[in-house]
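Novice: Can you read through this structure? Questions will come right after.
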Amino acid sequence: MLKTVINANLLADVLDKSVVDWPLFEAEELSKMALHCCKLRCRDRPDLETEVLPFLKKLFEFAEMHVKVQGKLRAPSQYFCPILQEVMEDPHIAADGFTYEHRAMKAWVDRHNVSPVTKHRLQHQMLTPNRTYALPYKIGGHVKTSA
């Protein structure tokens, strides 16, 4: 199936949609290498030392460079939801005083009566918009990125 997806140029359609900036070329190359490593006959598989490890080293160097670039664009840690570990788009304050992405905390309080951070009992389930976090996020134009 993966081979069909790659040949039809549809890899982007099957990748996790929650990741907005997949490096498609690298993802495709990794998929091809994985398929090559899955060959039934040993002699048809790539050599670990001369093919697989150099490829993985190149991929690691790409990822390392990407992280350094993204690190300069990363939003401050307080903009990340403790539940989702993503930059919040709709920050709300819960009874524990912490700020969460609204949809994540709403789902949490529907199932639990304790704080996801402190593990103490929540006094109530009301969520209040956190305008302090929302305004700088919109003004600053922080990059949406995962932790």
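Note on naming: chains are A, B, ... as they come in the structure tokens, residues start from 1 per chain, ligands start from 1 in the order shown.
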Find the residues around A:Pro23 up to 12 Å (only C-alpha atoms counted), leave out those fewer than 6 positions away in its own chain, and share them as a PyMOL selection string.
Specialist: chain A and resi 11-12+15+29-30+59+62-63+66
Novice: Only N, CA and C atoms, please: the residues just picked out, written as a PDB file, in the first residue's frame.
Specialist:
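So part02.pdb came out as:
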```pdb
ATOM      1  N   LEU A  11       1.560  10.725  -0.753  1.00  0.00           N
ATOM      2  CA  LEU A  11       2.091  10.568   0.595  1.00  0.00           C
ATOM      3  C   LEU A  11       1.574  11.657   1.528  1.00  0.00           C
ATOM      4  N   ALA A  12       1.485  12.881   1.047  1.00  0.00           N
ATOM      5  CA  ALA A  12       0.992  13.986   1.882  1.00  0.00           C
ATOM      6  C   ALA A  12      -0.421  13.730   2.374  1.00  0.00           C
ATOM      7  N   LEU A  15      -0.178  11.314   5.593  1.00  0.00           N
ATOM      8  CA  LEU A  15       0.588  11.747   6.758  1.00  0.00           C
ATOM      9  C   LEU A  15      -0.329  12.394   7.783  1.00  0.00           C
ATOM     10  N   GLU A  29      11.554   9.878   1.108  1.00  0.00           N
ATOM     11  CA  GLU A  29      12.816   9.125   1.058  1.00  0.00           C
ATOM     12  C   GLU A  29      12.891   8.098   2.183  1.00  0.00           C
ATOM     13  N   LEU A  30      12.442   8.473   3.378  1.00  0.00           N
ATOM     14  CA  LEU A  30      12.430   7.540   4.505  1.00  0.00           C
ATOM     15  C   LEU A  30      11.470   6.384   4.230  1.00  0.00           C
ATOM     16  N   LEU A  59      19.521  12.222   7.306  1.00  0.00           N
ATOM     17  CA  LEU A  59      18.189  12.583   7.790  1.00  0.00           C
ATOM     18  C   LEU A  59      18.281  13.250   9.167  1.00  0.00           C
ATOM     19  N   PHE A  62      19.529  16.778   8.749  1.00  0.00           N
ATOM     20  CA  PHE A  62      18.442  17.628   8.271  1.00  0.00           C
ATOM     21  C   PHE A  62      17.526  18.020   9.430  1.00  0.00           C
ATOM     22  N   ALA A  63      17.146  17.030  10.244  1.00  0.00           N
ATOM     23  CA  ALA A  63      16.250  17.290  11.377  1.00  0.00           C
ATOM     24  C   ALA A  63      16.897  18.232  12.382  1.00  0.00           C
ATOM     25  N   HIS A  66      16.769  21.693  11.028  1.00  0.00           N
ATOM     26  CA  HIS A  66      15.389  22.167  11.060  1.00  0.00           C
ATOM     27  C   HIS A  66      15.004  22.614  12.472  1.00  0.00           C
TER      28      HIS A  66
END
```
Novice: Would you list the contacts of A:Val117 as a VMD selection string, taking every protein, DNA or RNA residue within 12 Å and counting only C-alpha atoms, but skipping same-chain residues closer than 5 positions in sequence?
Specialist: chain A and resid 81 to 83 94 to 100 105 108 122
Novice: Given the selection you just returned, output its residues as a file containing all heavy atoms, formatted as an mmCIF file, in the first residue's frame.
Specialist:
```cif
data_model
loop_
_atom_site.group_PDB
_atom_site.id
_atom_site.type_symbol
_atom_site.label_atom_id
_atom_site.label_comp_id
_atom_site.auth_asym_id
_atom_site.auth_seq_id
_atom_site.Cartn_x
_atom_site.Cartn_y
_atom_site.Cartn_z
ATOM 1 N N CYS A 81 -0.188 24.495 25.487
ATOM 2 C CA CYS A 81 -1.184 23.850 26.338
ATOM 3 C C CYS A 81 -0.528 22.673 27.073
ATOM 4 O O CYS A 81 0.131 21.847 26.433
ATOM 5 C CB CYS A 81 -2.343 23.337 25.483
ATOM 6 S SG CYS A 81 -3.517 22.316 26.388
ATOM 7 N N PRO A 82 -0.685 22.587 28.400
ATOM 8 C CA PRO A 82 -0.104 21.467 29.143
ATOM 9 C C PRO A 82 -0.656 20.105 28.719
ATOM 10 O O PRO A 82 0.000 19.092 28.902
ATOM 11 C CB PRO A 82 -0.488 21.754 30.597
ATOM 12 C CG PRO A 82 -0.796 23.203 30.655
ATOM 13 C CD PRO A 82 -1.325 23.559 29.290
ATOM 14 N N ILE A 83 -1.839 20.073 28.164
ATOM 15 C CA ILE A 83 -2.436 18.795 27.741
ATOM 16 C C ILE A 83 -1.962 18.409 26.346
ATOM 17 O O ILE A 83 -1.472 17.310 26.120
ATOM 18 C CB ILE A 83 -3.986 18.867 27.772
ATOM 19 C CG1 ILE A 83 -4.474 19.127 29.197
ATOM 20 C CG2 ILE A 83 -4.595 17.573 27.223
ATOM 21 C CD1 ILE A 83 -5.963 19.422 29.297
ATOM 22 N N ALA A 94 -8.538 27.437 33.803
ATOM 23 C CA ALA A 94 -9.360 26.485 34.555
ATOM 24 C C ALA A 94 -9.294 26.834 36.042
ATOM 25 O O ALA A 94 -8.562 27.728 36.461
ATOM 26 C CB ALA A 94 -8.854 25.069 34.310
ATOM 27 N N ALA A 95 -10.041 26.102 36.853
ATOM 28 C CA ALA A 95 -10.117 26.352 38.295
ATOM 29 C C ALA A 95 -8.766 26.206 38.995
ATOM 30 O O ALA A 95 -8.560 26.780 40.054
ATOM 31 C CB ALA A 95 -11.137 25.410 38.929
ATOM 32 N N ASP A 96 -7.838 25.468 38.397
ATOM 33 C CA ASP A 96 -6.515 25.294 39.012
ATOM 34 C C ASP A 96 -5.583 26.474 38.752
ATOM 35 O O ASP A 96 -4.459 26.506 39.242
ATOM 36 C CB ASP A 96 -5.868 23.992 38.539
ATOM 37 C CG ASP A 96 -5.613 23.951 37.039
ATOM 38 O OD1 ASP A 96 -5.964 24.920 36.324
ATOM 39 O OD2 ASP A 96 -5.070 22.935 36.565
ATOM 40 N N GLY A 97 -6.048 27.448 37.931
ATOM 41 C CA GLY A 97 -5.243 28.626 37.638
ATOM 42 C C GLY A 97 -4.345 28.474 36.425
ATOM 43 O O GLY A 97 -3.708 29.430 35.997
ATOM 44 N N PHE A 98 -4.296 27.286 35.852
ATOM 45 C CA PHE A 98 -3.485 27.060 34.665
ATOM 46 C C PHE A 98 -4.299 27.349 33.409
ATOM 47 O O PHE A 98 -5.527 27.258 33.417
ATOM 48 C CB PHE A 98 -2.956 25.621 34.622
ATOM 49 C CG PHE A 98 -1.860 25.370 35.620
ATOM 50 C CD1 PHE A 98 -2.171 24.920 36.899
ATOM 51 C CD2 PHE A 98 -0.537 25.592 35.295
ATOM 52 C CE1 PHE A 98 -1.178 24.688 37.828
ATOM 53 C CE2 PHE A 98 0.470 25.360 36.215
ATOM 54 C CZ PHE A 98 0.149 24.916 37.483
ATOM 55 N N THR A 99 -3.599 27.687 32.329
ATOM 56 C CA THR A 99 -4.247 27.981 31.059
ATOM 57 C C THR A 99 -4.094 26.785 30.129
ATOM 58 O O THR A 99 -3.004 26.209 30.019
ATOM 59 C CB THR A 99 -3.640 29.242 30.424
ATOM 60 O OG1 THR A 99 -3.865 30.338 31.313
ATOM 61 C CG2 THR A 99 -4.270 29.552 29.081
ATOM 62 N N TYR A 100 -5.194 26.448 29.446
ATOM 63 C CA TYR A 100 -5.239 25.295 28.552
ATOM 64 C C TYR A 100 -5.919 25.687 27.243
ATOM 65 O O TYR A 100 -6.687 26.641 27.197
ATOM 66 C CB TYR A 100 -6.064 24.157 29.175
ATOM 67 C CG TYR A 100 -5.578 23.707 30.518
ATOM 68 C CD1 TYR A 100 -6.066 24.287 31.690
ATOM 69 C CD2 TYR A 100 -4.656 22.688 30.629
ATOM 70 C CE1 TYR A 100 -5.630 23.860 32.937
ATOM 71 C CE2 TYR A 100 -4.212 22.254 31.872
ATOM 72 C CZ TYR A 100 -4.697 22.843 33.018
ATOM 73 O OH TYR A 100 -4.262 22.418 34.236
ATOM 74 N N MET A 105 -9.144 21.161 27.404
ATOM 75 C CA MET A 105 -9.564 21.192 28.798
ATOM 76 C C MET A 105 -11.041 20.844 28.934
ATOM 77 O O MET A 105 -11.444 20.205 29.905
ATOM 78 C CB MET A 105 -9.264 22.555 29.423
ATOM 79 C CG MET A 105 -9.433 22.570 30.926
ATOM 80 S SD MET A 105 -8.380 21.331 31.720
ATOM 81 C CE MET A 105 -8.835 21.540 33.421
ATOM 82 N N TRP A 108 -11.178 17.277 28.930
ATOM 83 C CA TRP A 108 -10.611 16.777 30.187
ATOM 84 C C TRP A 108 -11.645 16.826 31.314
ATOM 85 O O TRP A 108 -11.855 15.848 32.009
ATOM 86 C CB TRP A 108 -9.368 17.577 30.556
ATOM 87 C CG TRP A 108 -8.768 17.146 31.858
ATOM 88 C CD1 TRP A 108 -9.074 17.613 33.107
ATOM 89 C CD2 TRP A 108 -7.779 16.135 32.050
ATOM 90 N NE1 TRP A 108 -8.341 16.970 34.060
ATOM 91 C CE2 TRP A 108 -7.525 16.044 33.445
ATOM 92 C CE3 TRP A 108 -7.080 15.297 31.189
ATOM 93 C CZ2 TRP A 108 -6.606 15.171 33.978
ATOM 94 C CZ3 TRP A 108 -6.157 14.422 31.736
ATOM 95 C CH2 TRP A 108 -5.930 14.360 33.114
ATOM 96 N N LEU A 122 -10.580 19.813 41.134
ATOM 97 C CA LEU A 122 -11.002 21.110 40.596
ATOM 98 C C LEU A 122 -12.237 21.586 41.358
ATOM 99 O O LEU A 122 -13.181 20.817 41.559
ATOM 100 C CB LEU A 122 -11.319 21.002 39.100
ATOM 101 C CG LEU A 122 -10.136 20.707 38.176
ATOM 102 C CD1 LEU A 122 -10.633 20.373 36.773
ATOM 103 C CD2 LEU A 122 -9.187 21.883 38.141
#
```
Novice: I'd like the neighbourhood of A:Arg121 as a VMD selection string, where a residue qualifies if any of its atoms comes within 10 Å (using only C-alpha atoms), though same-chain residues fewer than 3 positions away should be ignored.
Specialist: chain A and resid 95 to 96 112 to 116 118 124
Novice: Among chain A, which residues does DSSP mark as strand (DSSP E) when it is run on the backbone? Keep the chain and numbering as in the structure and answer as a list in words.
Specialist: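 Answer for chain A, restricted to strand (DSSP E): Pro91, His92, Ile93, Thr99, Tyr100, Glu101, Thr128 and Pro129 of chain A.
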Novice: For the alpha helix (DSSP H) assignment from backbone DSSP, which residues of chain A qualify? Please present them as a ChimeraX atom specification.
Specialist: /A:2-7,11-14,24-37,53-73,102-111,131-140
Novice: Could you tell me how far atom CA of A:Asp47 lies from atom CA of A:Ala34, in Å and to one decimal?
Specialist: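 Going from atom CA of A:Asp47 over to atom CA of A:Ala34 covers 12.5 Å.
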Novice: Could you state the separation of atom CA of A:Glu51 and atom CA of A:Leu35 in Å, given to one decimal place?
Specialist: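 Those two atoms sit 13.5 Å apart.
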Novice: Atom CA of A:Ile93 to atom CA of A:Asp110: how many Å, to one decimal?
Specialist: 15.5 Å
